[in-house]
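Engineer: I'm passing along start.cif; it holds mmCIF, C-alpha atoms.
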```
data_final
#
loop_
_atom_site.label_atom_id
_atom_site.label_comp_id
_atom_site.auth_asym_id
_atom_site.auth_seq_id
_atom_site.Cartn_x
_atom_site.Cartn_y
_atom_site.Cartn_z
CA GLY A 1 -8.65 -5.57 4.26
CA ASP A 2 -11.33 -6.41 6.79
CA SER A 3 -14.28 -8.77 6.23
CA THR A 4 -12.89 -10.37 3.09
CA PRO A 5 -15.77 -12.65 2.15
CA PRO A 6 -15.18 -15.99 0.46
CA ALA A 7 -17.12 -14.58 -2.49
CA HIS A 8 -14.14 -12.28 -3.07
CA THR A 9 -11.87 -15.31 -3.10
CA PRO A 10 -13.59 -17.38 -5.82
CA PRO A 11 -16.17 -15.09 -7.42
CA ALA A 12 -19.47 -16.48 -8.64
CA GLY A 13 -19.89 -13.70 -11.18
CA LYS A 14 -19.30 -13.51 -14.89
CA ILE A 15 -15.91 -14.63 -16.21
CA ALA A 16 -14.23 -11.42 -17.44
CA THR A 17 -12.93 -11.64 -21.00
CA ASN A 18 -9.46 -10.42 -19.95
CA SER A 19 -9.06 -12.79 -16.98
CA PRO A 20 -6.79 -15.84 -16.59
CA ALA A 21 -9.92 -18.04 -16.66
CA ALA A 22 -10.95 -16.49 -19.98
CA ARG A 23 -7.46 -17.06 -21.42
CA TYR A 24 -7.69 -20.70 -20.35
CA LEU A 25 -11.13 -21.13 -21.94
CA LYS A 26 -10.01 -19.39 -25.15
CA ASP A 27 -7.02 -21.77 -25.35
CA LEU A 28 -9.54 -24.64 -25.21
CA GLY A 29 -11.49 -23.10 -28.09
CA VAL A 30 -14.41 -21.82 -26.00
CA GLU A 31 -16.04 -18.69 -27.44
CA PRO A 32 -16.43 -15.69 -25.07
CA LYS A 33 -20.24 -15.90 -25.40
CA ASP A 34 -19.98 -19.35 -23.77
CA PHE A 35 -17.72 -18.41 -20.82
CA ASN A 36 -20.72 -18.11 -18.48
CA THR A 37 -19.97 -17.63 -14.75
CA TYR A 38 -17.54 -19.05 -12.22
CA GLY A 39 -20.50 -20.51 -10.36
CA SER A 40 -21.53 -22.50 -13.42
CA ARG A 41 -17.99 -23.91 -13.64
CA ARG A 42 -17.49 -24.74 -9.94
CA GLY A 43 -16.66 -28.34 -10.83
CA ASN A 44 -13.66 -27.30 -12.93
CA ASP A 45 -10.61 -26.82 -10.72
CA GLU A 46 -8.65 -25.17 -13.56
CA ILE A 47 -11.29 -22.45 -13.88
CA MET A 48 -11.75 -22.01 -10.14
CA ALA A 49 -8.00 -21.76 -9.49
CA ARG A 50 -7.87 -19.00 -12.10
CA GLY A 51 -10.96 -17.37 -10.61
CA THR A 52 -9.55 -17.29 -7.08
CA PHE A 53 -9.02 -13.65 -6.06
CA ALA A 54 -10.38 -12.53 -9.46
CA ASN A 55 -13.20 -10.46 -7.96
CA VAL A 56 -13.31 -6.87 -9.26
CA ARG A 57 -14.00 -5.66 -5.68
CA LEU A 58 -10.94 -7.36 -4.18
CA ILE A 59 -8.76 -5.04 -2.10
CA ASN A 60 -5.08 -5.90 -2.39
CA LYS A 61 -2.96 -3.29 -0.65
CA MET A 62 0.03 -4.18 -2.82
CA VAL A 63 -1.57 -2.32 -5.72
CA ASP A 64 -3.08 1.14 -5.91
CA LYS A 65 -6.51 0.16 -7.22
CA VAL A 66 -9.33 -2.21 -6.32
CA GLY A 67 -9.46 -5.38 -8.40
CA PRO A 68 -7.87 -8.76 -9.11
CA GLU A 69 -4.30 -7.59 -9.48
CA THR A 70 -1.11 -7.94 -7.46
CA VAL A 71 2.59 -7.24 -7.72
CA HIS A 72 5.09 -10.05 -8.28
CA VAL A 73 7.97 -9.73 -5.83
CA PRO A 74 10.82 -9.13 -6.52
CA SER A 75 10.22 -8.20 -10.19
CA GLY A 76 7.68 -5.47 -9.33
CA GLU A 77 5.56 -6.52 -12.31
CA LYS A 78 1.79 -5.96 -11.92
CA MET A 79 -0.27 -8.95 -12.99
CA ALA A 80 -3.39 -10.98 -12.25
CA VAL A 81 -3.27 -12.76 -8.90
CA PHE A 82 -3.44 -16.18 -10.60
CA ASP A 83 -0.53 -15.28 -12.90
CA ALA A 84 1.60 -14.21 -9.93
CA ALA A 85 0.68 -17.39 -8.05
CA ALA A 86 1.64 -19.52 -11.06
CA LYS A 87 4.93 -17.65 -11.32
CA TYR A 88 5.70 -18.22 -7.62
CA GLN A 89 4.85 -21.92 -7.97
CA ALA A 90 7.15 -22.21 -11.01
CA GLU A 91 9.88 -20.54 -8.93
CA GLY A 92 9.30 -23.04 -6.10
CA LEU A 93 8.15 -20.31 -3.69
CA ASP A 94 5.31 -20.74 -1.22
CA THR A 95 3.00 -17.80 -0.56
CA ILE A 96 1.00 -16.46 2.37
CA ILE A 97 -1.92 -14.08 2.66
CA LEU A 98 -1.90 -11.13 5.08
CA ALA A 99 -5.52 -10.34 5.99
CA GLY A 100 -7.59 -8.14 8.28
CA ASN A 101 -10.52 -8.95 10.54
CA GLU A 102 -13.13 -11.64 9.85
CA TYR A 103 -11.20 -13.26 7.02
CA GLY A 104 -13.50 -15.69 5.22
CA SER A 105 -16.84 -14.33 6.44
CA GLY A 106 -19.81 -15.19 4.26
CA SER A 107 -20.62 -18.13 1.99
CA SER A 108 -18.73 -20.16 -0.65
CA ARG A 109 -16.29 -21.32 2.00
CA ASP A 110 -15.29 -24.53 0.24
CA TRP A 111 -13.68 -22.84 -2.77
CA ALA A 112 -12.44 -20.00 -0.58
CA ALA A 113 -10.00 -22.57 0.85
CA LYS A 114 -9.52 -24.76 -2.24
CA GLY A 115 -8.66 -21.84 -4.52
CA PRO A 116 -5.79 -20.50 -2.41
CA PHE A 117 -4.54 -24.08 -1.97
CA LEU A 118 -4.45 -24.53 -5.75
CA GLN A 119 -2.58 -21.22 -6.01
CA GLY A 120 0.14 -22.43 -3.63
CA VAL A 121 -0.87 -20.51 -0.50
CA LYS A 122 0.61 -22.22 2.57
CA ALA A 123 -0.55 -19.86 5.34
CA VAL A 124 -2.92 -16.99 6.07
CA ILE A 125 -2.07 -14.47 8.77
CA ALA A 126 -5.22 -12.57 9.75
CA GLN A 127 -6.48 -10.44 12.61
CA SER A 128 -9.45 -12.80 12.98
CA TYR A 129 -11.27 -15.53 11.06
CA GLU A 130 -14.74 -16.72 10.38
CA ARG A 131 -14.83 -19.96 12.39
CA ILE A 132 -15.82 -22.43 9.66
CA HIS A 133 -13.43 -20.89 7.14
CA ARG A 134 -10.53 -21.40 9.55
CA SER A 135 -11.40 -25.12 9.68
CA ASN A 136 -11.65 -25.30 5.89
CA LEU A 137 -8.19 -23.76 5.54
CA VAL A 138 -6.79 -26.40 7.89
CA GLY A 139 -8.56 -29.10 5.88
CA MET A 140 -6.78 -27.89 2.74
CA GLY A 141 -3.40 -27.80 4.48
CA ILE A 142 -3.26 -24.00 4.77
CA LEU A 143 -2.04 -22.83 8.18
CA PRO A 144 -4.38 -20.17 9.68
CA LEU A 145 -2.23 -17.92 11.84
CA GLN A 146 -3.45 -14.90 13.77
CA PHE A 147 -1.85 -11.58 14.62
CA LYS A 148 -1.60 -10.80 18.32
CA SER A 149 -4.49 -8.74 19.70
CA GLY A 150 -4.16 -5.13 18.58
CA GLU A 151 -1.69 -5.99 15.82
CA SER A 152 -2.23 -6.06 12.07
CA ALA A 153 -0.19 -6.07 8.90
CA ASP A 154 -0.63 -2.29 8.80
CA SER A 155 0.37 -1.69 12.44
CA LEU A 156 3.49 -3.82 11.92
CA GLY A 157 4.38 -2.01 8.70
CA LEU A 158 4.01 -5.14 6.56
CA ASP A 159 3.40 -4.45 2.87
CA GLY A 160 3.56 -7.93 1.33
CA THR A 161 7.14 -7.73 0.08
CA GLU A 162 8.56 -9.45 3.16
CA THR A 163 10.02 -12.92 3.35
CA PHE A 164 8.59 -15.12 6.11
CA ASN A 165 9.86 -18.31 7.69
CA ILE A 166 7.15 -20.22 9.52
CA ASP A 167 8.40 -22.96 11.81
CA THR A 168 5.73 -25.66 12.05
CA GLN A 169 7.75 -27.94 14.30
#
```
Please express the file's structure as structure tokens.

Structural biologist:
Amino acid sequence: GDSTPPAHTPPAGKIATNSPAARYLKDLGVEPKDFNTYGSRRGNDEIMARGTFANVRLINKMVDKVGPETVHVPSGEKMAVFDAAAKYQAEGLDTIILAGNEYGSGSSRDWAAKGPFLQGVKAVIAQSYERIHRSNLVGMGILPLQFKSGESADSLGLDGTETFNIDTQ
């Protein structure tokens, strides 16, 4: 959607007890009462990678509800965004993000680029970008591409199940 703020990429809110970050902490023996927030664990890349796109207000048009879920292609299985990213990485598949206008507007820009990088995102195709966020994506090795004026994922009929080849030569 439009105006996806970096705060929707790595949330600074409470770590939900059913999230990939919570599963990770539980596996380490951390009690749910001690999960705290993503912001308090910003120095832990394992937590922040799992918290990337875990915001309950995230709009992912591949699923029919708001929240930190996506669909793994081609299996069609609904799962947490981090779980799908881990599955794609295990399969040796790179991923891209299709976004609307003003992608990356707001604060928390550093983890808004680091998180997708850790999840294996190689490119973002957006209608427009927040200027500093575009530079942060480049710094993390994520290619910020832009739709032609007047075009969007919706206008082109893209639904996220497509296969893309991006020639960087």

Engineer: Pick out the residues sitting within 12 Å of A:Leu137, and hand them over as a PyMOL selection string; count only C-alpha atoms, and ignore anything fewer than 3 positions along from it in its own chain.

Structural biologist: chain A and resi 6+97+103-104+109-118+121-125+129-134+140-145

Engineer: With all atoms listed in the file as the atoms that count, which of A:Thr52, A:Asn101, A:Ser75, A:Asn18 lies nearest to A:Gln119?

Structural biologist: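 The closest residue to A:Gln119 is A:Thr52.
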
Engineer: Near A:Asn36, within 9 Å and counting all atoms listed in the file, which residues show up once chain neighbours fewer than 6 positions away are dropped, as a list in words?

Structural biologist: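 Using all atoms listed in the file, the neighbours found are Gly13, Lys14 and Ile15 of chain A.
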
Engineer: Kindly indicate which residue among A:Gly139, A:Gly120, A:Pro68, A:Gly157 lies nearest to A:Glu91, using all atoms listed in the file for the distances.

Structural biologist: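 Residue with the minimum atom-to-atom distance to A:Glu91: A:Gly120.
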
Engineer: Smallest atom-to-atom distance to A:Asn165: which of A:Ser19, A:Ser105, A:Thr95, A:Thr70, using only C-alpha atoms?

Structural biologist: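 Nearest to A:Asn165: A:Thr95.
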
Engineer: Mind pulling up the distance from atom CA of A:Tyr88 to atom CA of A:Lys26?

Structural biologist: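 Separation of atom CA of A:Lys26 and atom CA of A:Tyr88: 23.6 Å.
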
Engineer: Starting from the shown file, work through the PyMOL selection byres ((chain A and resi 98) around 9) and note down what comes out as a list in words.

Structural biologist: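 That expression, the PyMOL selection byres ((chain A and resi 98) around 9), corresponds here to Gly1, Ile96, Ile97, Ala99, Gly100, Ala123, Val124, Ile125, Ala126, Gln127, Ser152, Ala153, Leu158, Asp159 and Gly160 of chain A.
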
Engineer: Enclose the full set of atoms of stretch 159-163 of chain A listed in the file within a box whose edges lie along x, y and z, apply 8 Å of padding to each of the six sides, and report centre and edge lengths in Å to one decimal as lines of an AutoDock Vina configuration file.

Structural biologist:
```
center_x = 6.7
center_y = -8.7
center_z = 1.7
size_x = 22.6
size_y = 24.5
size_z = 19.3
```

Engineer: Quote the spacing between atom CA of A:Asn44 and atom CA of A:Asp27 in Å to one decimal place.

Structural biologist: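 According to the coordinates, atom CA of A:Asn44 and atom CA of A:Asp27 are separated by 15.1 Å.
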
Engineer: Mind pulling up the distance from atom CA of A:Ser128 to atom CA of A:Glu102?

Structural biologist: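 Distance between the two atoms: 5.0 Å.
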
Engineer: Taking 2 positions as the minimum chain separation for residues in the same chain, which residues sit within 8 Å of A:Val56 when counting all atoms listed in the file? Answer as a ChimeraX atom specification.

Structural biologist: /A:54,58,66-68
